[in-house]
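The next block is query19.cif, given as mmCIF, C-alpha atoms.
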data_entry
#
loop_
_atom_site.label_atom_id
_atom_site.label_comp_id
_atom_site.auth_asym_id
_atom_site.auth_seq_id
_atom_site.Cartn_x
_atom_site.Cartn_y
_atom_site.Cartn_z
CA MET A 177 0.00 0.00 0.00
CA GLU A 178 1.33 3.45 -0.95
CA PHE A 179 -0.09 6.81 0.09
CA PHE A 180 2.24 8.68 -2.25
CA LYS A 181 3.23 7.50 -5.73
CA ASN A 182 5.82 9.13 -8.01
CA THR A 183 6.11 12.19 -5.78
CA HIS A 184 8.51 15.01 -6.60
CA TYR A 185 8.34 17.23 -3.52
CA ASP A 186 11.24 19.61 -2.95
CA PHE A 187 11.73 18.76 0.72
CA GLN A 188 15.16 20.33 0.96
CA GLY A 189 14.04 23.61 -0.59
CA ILE A 190 12.68 24.71 2.80
CA ARG A 191 15.30 22.98 4.95
CA ARG A 192 16.74 26.19 6.39
CA LYS A 193 13.31 27.46 7.43
CA CYS A 194 12.59 24.14 9.13
CA MET A 195 15.99 24.13 10.85
CA THR A 196 15.26 27.67 12.10
CA VAL A 197 11.90 26.53 13.55
CA SER A 198 13.66 23.60 15.27
CA ALA A 199 16.31 25.93 16.71
CA LEU A 200 13.60 28.24 18.10
CA LEU A 201 11.75 25.29 19.70
CA ILE A 202 14.96 24.02 21.30
CA LEU A 203 15.80 27.54 22.51
CA ALA A 204 12.32 27.94 24.05
CA GLY A 205 12.76 24.62 25.88
CA ILE A 206 16.21 25.58 27.18
CA ILE A 207 14.94 28.98 28.39
CA SER A 208 12.03 27.24 30.15
CA MET A 209 14.43 24.83 31.91
CA ILE A 210 16.71 27.71 32.95
CA LEU A 211 13.76 29.67 34.39
CA ARG A 212 12.53 26.57 36.25
CA GLY A 213 15.99 25.67 37.54
CA GLY A 214 16.37 22.60 35.35
CA PRO A 215 14.06 19.77 34.32
CA ASN A 216 11.12 18.99 36.59
CA TRP A 217 12.49 15.71 37.98
CA SER A 218 9.97 13.38 39.60
CA ILE A 219 10.51 11.75 42.98
CA ASP A 220 12.14 8.86 41.08
CA PHE A 221 15.18 11.16 40.76
CA THR A 222 14.88 13.61 43.65
CA GLY A 223 13.66 11.31 46.42
CA GLY A 224 10.39 11.76 48.28
CA ILE A 225 7.05 10.20 49.16
CA SER A 226 4.16 9.41 46.86
CA ILE A 227 0.79 8.67 48.52
CA GLN A 228 -2.20 7.67 46.39
CA LEU A 229 -5.64 7.92 48.04
CA ARG A 230 -9.07 6.88 46.83
CA PHE A 231 -11.97 8.69 48.54
CA GLU A 232 -15.50 7.39 48.74
CA LYS A 233 -16.85 10.80 47.66
CA PRO A 234 -15.10 13.19 45.23
CA VAL A 235 -12.53 15.53 46.81
CA SER A 236 -10.81 18.46 45.09
CA GLU A 237 -7.06 18.99 44.98
CA GLY A 238 -7.55 22.33 46.74
CA GLU A 239 -9.17 20.72 49.78
CA VAL A 240 -6.33 18.23 50.17
CA ARG A 241 -3.73 20.97 49.65
CA THR A 242 -5.31 22.99 52.49
CA VAL A 243 -4.84 20.04 54.84
CA MET A 244 -1.22 19.55 53.73
CA SER A 245 -0.51 23.29 54.16
CA ARG A 246 -1.65 23.14 57.77
CA MET A 247 0.92 20.37 58.34
CA GLY A 248 3.71 22.50 56.81
CA TYR A 249 3.72 20.85 53.38
CA GLY A 250 2.41 23.80 51.40
CA ASP A 251 4.84 23.20 48.53
CA CYS A 252 3.77 19.59 47.95
CA GLU A 253 2.18 18.58 44.65
CA ILE A 254 -1.42 17.35 44.56
CA LYS A 255 -2.85 15.84 41.39
CA ARG A 256 -5.61 13.57 40.21
CA VAL A 257 -4.74 10.10 38.94
CA SER A 258 -7.60 8.71 36.88
CA GLU A 259 -8.09 5.15 35.78
CA LEU A 260 -10.33 4.01 32.96
CA GLY A 261 -13.89 3.53 34.19
CA GLY A 262 -13.23 4.71 37.76
CA GLU A 263 -13.23 7.83 39.91
CA PRO A 264 -9.92 9.73 39.95
CA ASP A 265 -7.61 9.11 42.90
CA ILE A 266 -5.71 11.86 44.71
CA MET A 267 -1.90 11.67 44.49
CA ILE A 268 0.21 13.53 47.08
CA LEU A 269 3.87 14.07 46.12
CA LEU A 270 6.45 15.25 48.66
CA LYS A 271 9.98 15.78 47.35
CA SER A 272 12.47 16.86 50.03
CA GLU A 273 14.55 14.85 52.50
CA ALA A 274 12.76 16.42 55.47
CA GLU A 275 9.44 15.29 54.04
CA ILE A 276 10.71 11.72 53.67
CA ALA A 277 11.62 11.72 57.35
CA GLY A 278 8.02 12.71 58.21
CA SER A 279 5.46 10.11 59.17
CA VAL A 280 3.07 8.90 56.46
CA ALA A 281 0.73 7.82 59.28
CA LYS A 282 0.48 11.44 60.48
CA ILE A 283 -0.47 12.59 56.99
CA GLN A 284 -3.17 9.94 56.78
CA SER A 285 -4.44 10.86 60.26
CA ALA A 286 -4.65 14.57 59.36
CA ILE A 287 -6.62 13.79 56.20
CA GLN A 288 -8.96 11.52 58.17
CA GLN A 289 -9.65 14.34 60.63
CA ALA A 290 -10.25 16.81 57.79
CA PHE A 291 -12.73 14.48 56.03
CA PRO A 292 -14.45 12.53 58.84
CA ASN A 293 -17.52 11.70 56.74
CA ASN A 294 -15.57 10.73 53.65
CA PRO A 295 -13.57 7.50 54.22
CA PHE A 296 -10.62 6.82 51.93
CA GLU A 297 -8.40 3.93 50.96
CA VAL A 298 -4.61 4.19 50.72
CA ARG A 299 -3.95 2.69 47.30
CA GLN A 300 -0.19 3.07 47.17
CA VAL A 301 2.72 4.53 49.15
CA GLU A 302 6.18 4.87 47.58
CA THR A 303 9.25 6.20 49.36
CA ILE A 304 12.55 6.93 47.60
CA GLY A 305 15.58 8.28 49.45
CA PRO A 306 17.42 11.32 48.00
CA LYS A 307 20.65 9.33 47.54
CA MET A 308 18.86 6.63 45.55
CA GLY A 309 17.08 9.31 43.52
CA SER A 310 20.39 10.99 42.68
CA GLU A 311 21.88 7.65 41.61
CA LEU A 312 18.88 6.89 39.42
CA ARG A 313 19.17 10.31 37.76
CA GLY A 314 22.86 9.72 37.00
CA LYS A 315 22.14 6.27 35.59
CA ALA A 316 19.32 7.62 33.42
CA ILE A 317 21.63 10.26 31.92
CA TRP A 318 24.37 7.67 31.36
CA ALA A 319 21.89 5.28 29.72
CA SER A 320 20.83 8.00 27.27
CA PHE A 321 24.47 8.93 26.54
CA LEU A 322 25.53 5.30 25.97
CA ALA A 323 22.54 4.75 23.67
CA MET A 324 23.64 7.72 21.54
CA LEU A 325 27.26 6.51 21.51
CA GLY A 326 26.21 2.99 20.49
CA ILE A 327 24.09 4.39 17.65
CA LEU A 328 27.02 6.60 16.50
CA ILE A 329 29.32 3.56 16.32
CA TYR A 330 26.74 1.33 14.63
CA VAL A 331 25.76 3.87 11.94
CA SER A 332 29.47 4.65 11.33
CA MET A 333 29.99 0.97 10.54
CA ARG A 334 26.98 0.88 8.20
CA PHE A 335 27.60 4.24 6.52
CA GLU A 336 30.21 7.01 6.50
CA PHE A 337 31.06 8.80 9.75
CA LEU A 338 29.35 11.99 8.51
CA PHE A 339 26.10 10.05 8.10
CA SER A 340 26.30 8.76 11.68
CA LEU A 341 27.18 12.21 13.05
CA ALA A 342 24.18 13.77 11.27
CA GLY A 343 21.94 10.98 12.57
CA VAL A 344 23.06 11.47 16.18
CA LEU A 345 22.62 15.25 15.91
CA ALA A 346 19.06 14.58 14.70
CA LEU A 347 18.55 12.37 17.79
CA PHE A 348 19.77 15.16 20.07
CA HIS A 349 17.28 17.42 18.28
CA ASP A 350 14.42 14.98 19.03
CA VAL A 351 15.37 14.55 22.69
CA LEU A 352 15.88 18.28 23.31
CA ILE A 353 12.52 19.18 21.77
CA THR A 354 10.71 16.47 23.76
CA VAL A 355 12.34 17.45 27.07
CA GLY A 356 11.84 21.16 26.25
CA ILE A 357 8.12 20.73 25.60
CA PHE A 358 7.81 18.79 28.87
CA SER A 359 9.51 21.69 30.64
CA ILE A 360 7.21 24.26 28.98
CA LEU A 361 4.17 22.18 30.03
CA ASN A 362 5.73 21.71 33.51
CA LYS A 363 5.54 17.92 33.16
CA GLU A 364 7.69 15.70 35.37
CA ILE A 365 10.62 13.69 34.02
CA SER A 366 10.27 10.24 35.58
CA LEU A 367 11.81 6.83 34.87
CA THR A 368 8.84 6.15 32.59
CA ILE A 369 9.63 9.27 30.55
CA VAL A 370 13.31 8.24 30.30
CA ALA A 371 12.10 4.90 28.92
CA ALA A 372 9.94 6.81 26.40
CA ILE A 373 12.93 8.95 25.35
CA LEU A 374 15.09 5.86 24.77
CA THR A 375 12.23 4.34 22.77
CA LEU A 376 11.88 7.42 20.57
CA VAL A 377 15.66 7.41 20.00
CA GLY A 378 15.38 3.89 18.57
CA PHE A 379 12.36 4.82 16.44
CA SER A 380 13.99 7.98 15.09
CA ILE A 381 17.28 6.36 14.08
CA ASN A 382 15.38 3.52 12.40
CA ASP A 383 13.55 6.01 10.19
CA THR A 384 16.79 7.90 9.48
CA ILE A 385 18.61 4.71 8.46
CA VAL A 386 15.84 3.87 5.94
CA VAL A 387 16.39 7.27 4.30
CA TYR A 388 20.19 6.90 4.49
CA ASP A 389 20.02 3.49 2.85
CA ARG A 390 18.14 4.89 -0.13
CA ILE A 391 20.52 7.88 -0.34
CA ARG A 392 23.51 5.50 -0.46
CA GLU A 393 21.89 3.43 -3.23
CA ASN A 394 21.07 6.53 -5.29
CA LEU A 395 24.56 8.01 -4.83
CA LYS A 396 25.89 4.99 -6.74
CA LYS A 397 23.19 5.07 -9.42
CA MET A 398 22.96 8.85 -9.98
CA ARG A 399 26.55 10.02 -10.11
CA THR A 400 25.73 12.94 -12.41
CA LYS A 401 23.19 14.51 -10.06
CA GLY A 402 23.94 16.81 -7.13
CA LEU A 403 23.65 15.69 -3.51
CA GLU A 404 20.60 17.85 -2.76
CA GLU A 405 18.71 16.42 -5.73
CA ILE A 406 19.67 12.85 -4.79
CA ILE A 407 18.48 13.37 -1.20
CA ASN A 408 15.17 14.81 -2.43
CA ILE A 409 14.66 11.81 -4.73
CA SER A 410 15.55 9.39 -1.92
CA ILE A 411 13.10 10.99 0.53
CA ASN A 412 10.34 10.98 -2.10
CA GLU A 413 10.97 7.28 -2.72
CA THR A 414 10.70 6.41 0.99
CA ILE A 415 8.02 8.91 2.05
CA SER A 416 5.14 6.43 1.67
CA ARG A 417 6.81 3.90 3.97
CA THR A 418 7.66 6.65 6.47
CA VAL A 419 4.11 8.00 6.62
CA ILE A 420 2.51 4.54 6.99
CA THR A 421 4.90 3.53 9.80
CA SER A 422 4.60 6.81 11.71
CA LEU A 423 0.83 7.04 11.26
CA THR A 424 0.15 3.54 12.62
CA VAL A 425 2.36 4.22 15.66
CA TRP A 426 0.66 7.59 16.18
CA LEU A 427 -2.82 6.04 16.16
CA VAL A 428 -1.82 3.56 18.88
CA LEU A 429 -0.22 6.32 20.96
CA TRP A 430 -3.31 8.53 20.70
CA VAL A 431 -5.43 5.64 22.01
CA LEU A 432 -3.01 5.25 24.94
CA PHE A 433 -3.00 9.00 25.57
CA ILE A 434 -6.80 9.34 25.56
CA PHE A 435 -7.87 6.08 27.23
CA GLY A 436 -4.77 4.86 29.06
CA GLY A 437 -5.31 6.89 32.21
CA SER A 438 -2.99 9.43 33.83
CA VAL A 439 -0.45 6.77 34.82
CA ILE A 440 0.54 6.18 31.20
CA ARG A 441 -0.58 9.50 29.66
CA ASP A 442 2.78 11.30 30.02
CA PHE A 443 4.58 8.27 28.55
CA ALA A 444 2.25 8.38 25.54
CA LEU A 445 2.68 12.17 25.24
CA ALA A 446 6.49 11.84 25.17
CA LEU A 447 6.24 9.26 22.40
CA LEU A 448 3.67 11.32 20.46
CA ILE A 449 6.11 14.24 20.42
CA GLY A 450 9.06 11.93 19.74
CA VAL A 451 7.49 10.04 16.83
CA PHE A 452 6.57 13.31 15.12
CA THR A 453 9.99 14.92 15.68
CA GLY A 454 11.75 11.66 14.76
CA THR A 455 9.99 11.53 11.37
CA TYR A 456 10.50 15.26 10.83
CA SER A 457 14.20 15.19 11.81
CA SER A 458 15.00 12.39 9.34
CA ILE A 459 13.88 14.70 6.53
CA TYR A 460 14.71 18.18 7.80
CA ILE A 461 17.64 17.71 10.21
CA ALA A 462 19.69 14.59 9.36
CA ALA A 463 19.51 14.99 5.57
CA PRO A 464 20.12 18.81 5.49
CA ILE A 465 23.24 18.38 7.66
CA LEU A 466 24.71 16.21 4.87
CA ILE A 467 23.89 18.90 2.28
CA GLU A 468 25.26 21.78 4.35
CA TRP A 469 28.42 19.84 5.22
CA LYS A 470 29.03 18.94 1.54
CA ALA A 471 28.47 22.59 0.49
CA ARG A 472 30.93 23.73 3.17
CA ALA A 473 33.52 21.19 2.02
CA ASP A 474 33.12 22.35 -1.59
CA ARG A 475 33.61 26.00 -0.58
CA LEU A 476 36.78 25.15 1.35
CA GLN A 477 38.11 23.20 -1.61
CA LYS A 478 37.50 26.15 -3.97
CA ARG A 479 39.34 28.51 -1.59
CA LYS A 480 42.34 26.19 -1.51
CA LYS A 481 42.46 26.13 -5.32
#
Write out the structure in this file as structure tokens.
Amino acid sequence: MEFFKNTHYDFQGIRRKCMTVSALLILAGIISMILRGGPNWSIDFTGGISIQLRFEKPVSEGEVRTVMSRMGYGDCEIKRVSELGGEPDIMILLKSEAEIAGSVAKIQSAIQQAFPNNPFEVRQVETIGPKMGSELRGKAIWASFLAMLGILIYVSMRFEFLFSLAGVLALFHDVLITVGIFSILNKEISLTIVAAILTLVGFSINDTIVVYDRIRENLKKMRTKGLEEIINISINETISRTVITSLTVWLVLWVLFIFGGSVIRDFALALLIGVFTGTYSSIYIAAPILIEWKARADRLQKRKK
């Protein structure tokens, strides 16, 4: 099945405009992280307590926050955690070492006193020490770095080093945009989101390699054509496969995002952003880097002559 047949789109004709848009998105994400003091790490990485409560009658986040403020936890995070077909639970997140040392039993007792006619069930309590959180954060960063390094080595073996460098730069582009959008939306970076980022890295490089493979074939067959024209032809030849693959993944992710509940919603959101940027970067980041690098090399060669 092909959505596009015998296409002749000039994808690279607008490459600099697209690269400018990408740069602005990345810059907006970086500014957001600077203003917020870095990424919004979850308690997986900072340490803290997570208490999930299910009330018999609906309770607002504001009512629970009032109770927590009286106990001295005014800066805690309160959010609803909904599950498909059920009433939303209340999640209380406490992030500092002092809060970990506090008694969960006291928090439960205070909430019981505040809502005497509304019994609740403690669904889940998670406690992570700050040292463990710091170690997990370091391991998550190392895992992402090693994944990039492994991809750089693998693509260098399959193609030229310039191809692999352009592919890894496109991956950095995808990760930075995803993390930046999460920062702008004030979403937490948890272990689940790190898993989503590593997944999107694999998806993105897979799409890039498909395009690279066709570029390599056409470089041998079309020696008289310029690199920009060859890349445009290669992308047009693979665009149908790219759209079908990305669209099917997107449909599944939208189902997860809408119906999967809040537990998996952020994971699905990260992949929705990543699948889009991964497809986009294969065409407008990885391929244009090859063109710009070749043009730069040609200019240097002319100056030497």
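Closest approach to Phe321 (chain A) from the set A:Thr421, A:Leu429, A:Val370, A:Met209 is made by A:Val370, with distances taken over all atoms listed in the file.
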Problem - Polymer residues at most 10 Å from Ile381 (chain A), only C-alpha atoms, same-chain spacing of 5 or more positions, as a PyMOL selection string - result: chain A and resi 324+327+331+340+343-344+346-347+376+386-387+454-455+457-458+462
Exercise for the section: Kindly resolve the PyMOL selection byres ((chain A and resi 199-207) around 9) on the present coordinates and return the residues as a list in words. Expected result: Cys194, Met195, Thr196, Val197, Ser198, Ser208, Met209, Ile210, Leu211, Arg212, Gly214, His349, Leu352, Ile353, Thr354, Val355, Gly356, Ile357, Phe358, Ser359 and Ile360 of chain A
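Comparing A:Thr400, A:Asn216, A:Asn412, A:Gln477 by their smallest distance to Leu361 (chain A), the closest is A:Asn216 (using all atoms listed in the file).
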Problem - Chain and number of each residue from the PyMOL selection byres ((chain A and resi 447) around 12), as a PyMOL selection string - result: chain A and resi 350-351+353-355+358+368-380+422+425-430+432-433+440-446+448-455
Save the residues we just selected, C-alpha atoms, as a compact mmCIF listing (two decimals), keeping the file's coordinate frame?
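Contents of selection_22.txt, freshly written:
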# COMPACT_ATOMS: atom_id res chain seq x y z
CA ASP A 350 14.42 14.98 19.03
CA VAL A 351 15.37 14.55 22.69
CA ILE A 353 12.52 19.18 21.77
CA THR A 354 10.71 16.47 23.76
CA VAL A 355 12.34 17.45 27.07
CA PHE A 358 7.81 18.79 28.87
CA THR A 368 8.84 6.15 32.59
CA ILE A 369 9.63 9.27 30.55
CA VAL A 370 13.31 8.24 30.30
CA ALA A 371 12.10 4.90 28.92
CA ALA A 372 9.94 6.81 26.40
CA ILE A 373 12.93 8.95 25.35
CA LEU A 374 15.09 5.86 24.77
CA THR A 375 12.23 4.34 22.77
CA LEU A 376 11.88 7.42 20.57
CA VAL A 377 15.66 7.41 20.00
CA GLY A 378 15.38 3.89 18.57
CA PHE A 379 12.36 4.82 16.44
CA SER A 380 13.99 7.98 15.09
CA SER A 422 4.60 6.81 11.71
CA VAL A 425 2.36 4.22 15.66
CA TRP A 426 0.66 7.59 16.18
CA LEU A 427 -2.82 6.04 16.16
CA VAL A 428 -1.82 3.56 18.88
CA LEU A 429 -0.22 6.32 20.96
CA TRP A 430 -3.31 8.53 20.70
CA LEU A 432 -3.01 5.25 24.94
CA PHE A 433 -3.00 9.00 25.57
CA ILE A 440 0.54 6.18 31.20
CA ARG A 441 -0.58 9.50 29.66
CA ASP A 442 2.78 11.30 30.02
CA PHE A 443 4.58 8.27 28.55
CA ALA A 444 2.25 8.38 25.54
CA LEU A 445 2.68 12.17 25.24
CA ALA A 446 6.49 11.84 25.17
CA LEU A 448 3.67 11.32 20.46
CA ILE A 449 6.11 14.24 20.42
CA GLY A 450 9.06 11.93 19.74
CA VAL A 451 7.49 10.04 16.83
CA PHE A 452 6.57 13.31 15.12
CA THR A 453 9.99 14.92 15.68
CA GLY A 454 11.75 11.66 14.76
CA THR A 455 9.99 11.53 11.37
Practice task
Quick one: everything within 12 Å of Ser226 (chain A), counting all atoms listed in the file, minus sequence neighbours fewer than 2 positions away in the same chain. Send it as a ChimeraX atom specification.
Solution key: /A:218-220,222-224,228-229,252-255,257,266-272,275-276,280,283,298-305
Handout entry: Straight-line distance linking CA of Gly314 (chain A) with CA of Ser332 (chain A), stated in Å to one decimal
Key =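 It comes out at 27.0 Å.
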Any chance you could model N, CA and C atoms for region 328-350 of chain A and send them as a short mmCIF file (atom, residue, chain, number, x, y, z; two decimals), keeping the file's coordinate frame?
data_model
loop_
_atom_site.label_atom_id
_atom_site.label_comp_id
_atom_site.auth_asym_id
_atom_site.auth_seq_id
_atom_site.Cartn_x
_atom_site.Cartn_y
_atom_site.Cartn_z
N LEU A 328 25.96 5.95 17.28
CA LEU A 328 27.02 6.60 16.50
C LEU A 328 27.98 5.56 15.93
N ILE A 329 28.38 4.61 16.77
CA ILE A 329 29.32 3.56 16.32
C ILE A 329 28.67 2.67 15.27
N TYR A 330 27.43 2.25 15.54
CA TYR A 330 26.74 1.33 14.63
C TYR A 330 26.54 1.96 13.25
N VAL A 331 26.03 3.21 13.22
CA VAL A 331 25.76 3.87 11.94
C VAL A 331 27.07 4.17 11.21
N SER A 332 28.16 4.44 11.95
CA SER A 332 29.47 4.65 11.33
C SER A 332 29.94 3.39 10.61
N MET A 333 29.61 2.23 11.18
CA MET A 333 29.99 0.97 10.54
C MET A 333 29.15 0.70 9.30
N ARG A 334 27.88 1.10 9.34
CA ARG A 334 26.98 0.88 8.20
C ARG A 334 27.18 1.90 7.09
N PHE A 335 27.47 3.15 7.49
CA PHE A 335 27.60 4.24 6.52
C PHE A 335 28.91 4.99 6.81
N GLU A 336 29.05 6.17 6.20
CA GLU A 336 30.21 7.01 6.50
C GLU A 336 30.02 7.68 7.86
N PHE A 337 31.14 8.16 8.43
CA PHE A 337 31.06 8.80 9.75
C PHE A 337 30.17 10.03 9.71
N LEU A 338 30.19 10.79 8.61
CA LEU A 338 29.35 11.99 8.51
C LEU A 338 27.87 11.63 8.61
N PHE A 339 27.49 10.50 8.02
CA PHE A 339 26.10 10.05 8.10
C PHE A 339 25.72 9.80 9.57
N SER A 340 26.60 9.10 10.28
CA SER A 340 26.30 8.76 11.68
C SER A 340 26.26 10.02 12.55
N LEU A 341 27.16 10.97 12.28
CA LEU A 341 27.18 12.21 13.05
C LEU A 341 25.88 12.99 12.83
N ALA A 342 25.44 13.07 11.58
CA ALA A 342 24.18 13.77 11.27
C ALA A 342 23.00 13.07 11.93
N GLY A 343 23.02 11.73 11.93
CA GLY A 343 21.94 10.98 12.57
C GLY A 343 21.88 11.22 14.06
N VAL A 344 23.03 11.25 14.74
CA VAL A 344 23.06 11.47 16.18
C VAL A 344 22.64 12.90 16.52
N LEU A 345 23.06 13.87 15.69
CA LEU A 345 22.62 15.25 15.91
C LEU A 345 21.10 15.36 15.78
N ALA A 346 20.53 14.60 14.84
CA ALA A 346 19.06 14.58 14.70
C ALA A 346 18.42 13.97 15.95
N LEU A 347 19.07 12.97 16.56
CA LEU A 347 18.55 12.37 17.79
C LEU A 347 18.58 13.37 18.93
N PHE A 348 19.69 14.11 19.04
CA PHE A 348 19.77 15.16 20.07
C PHE A 348 18.64 16.17 19.87
N HIS A 349 18.38 16.51 18.62
CA HIS A 349 17.28 17.42 18.28
C HIS A 349 15.95 16.88 18.82
N ASP A 350 15.68 15.58 18.58
CA ASP A 350 14.42 14.98 19.03
C ASP A 350 14.30 14.98 20.55
#
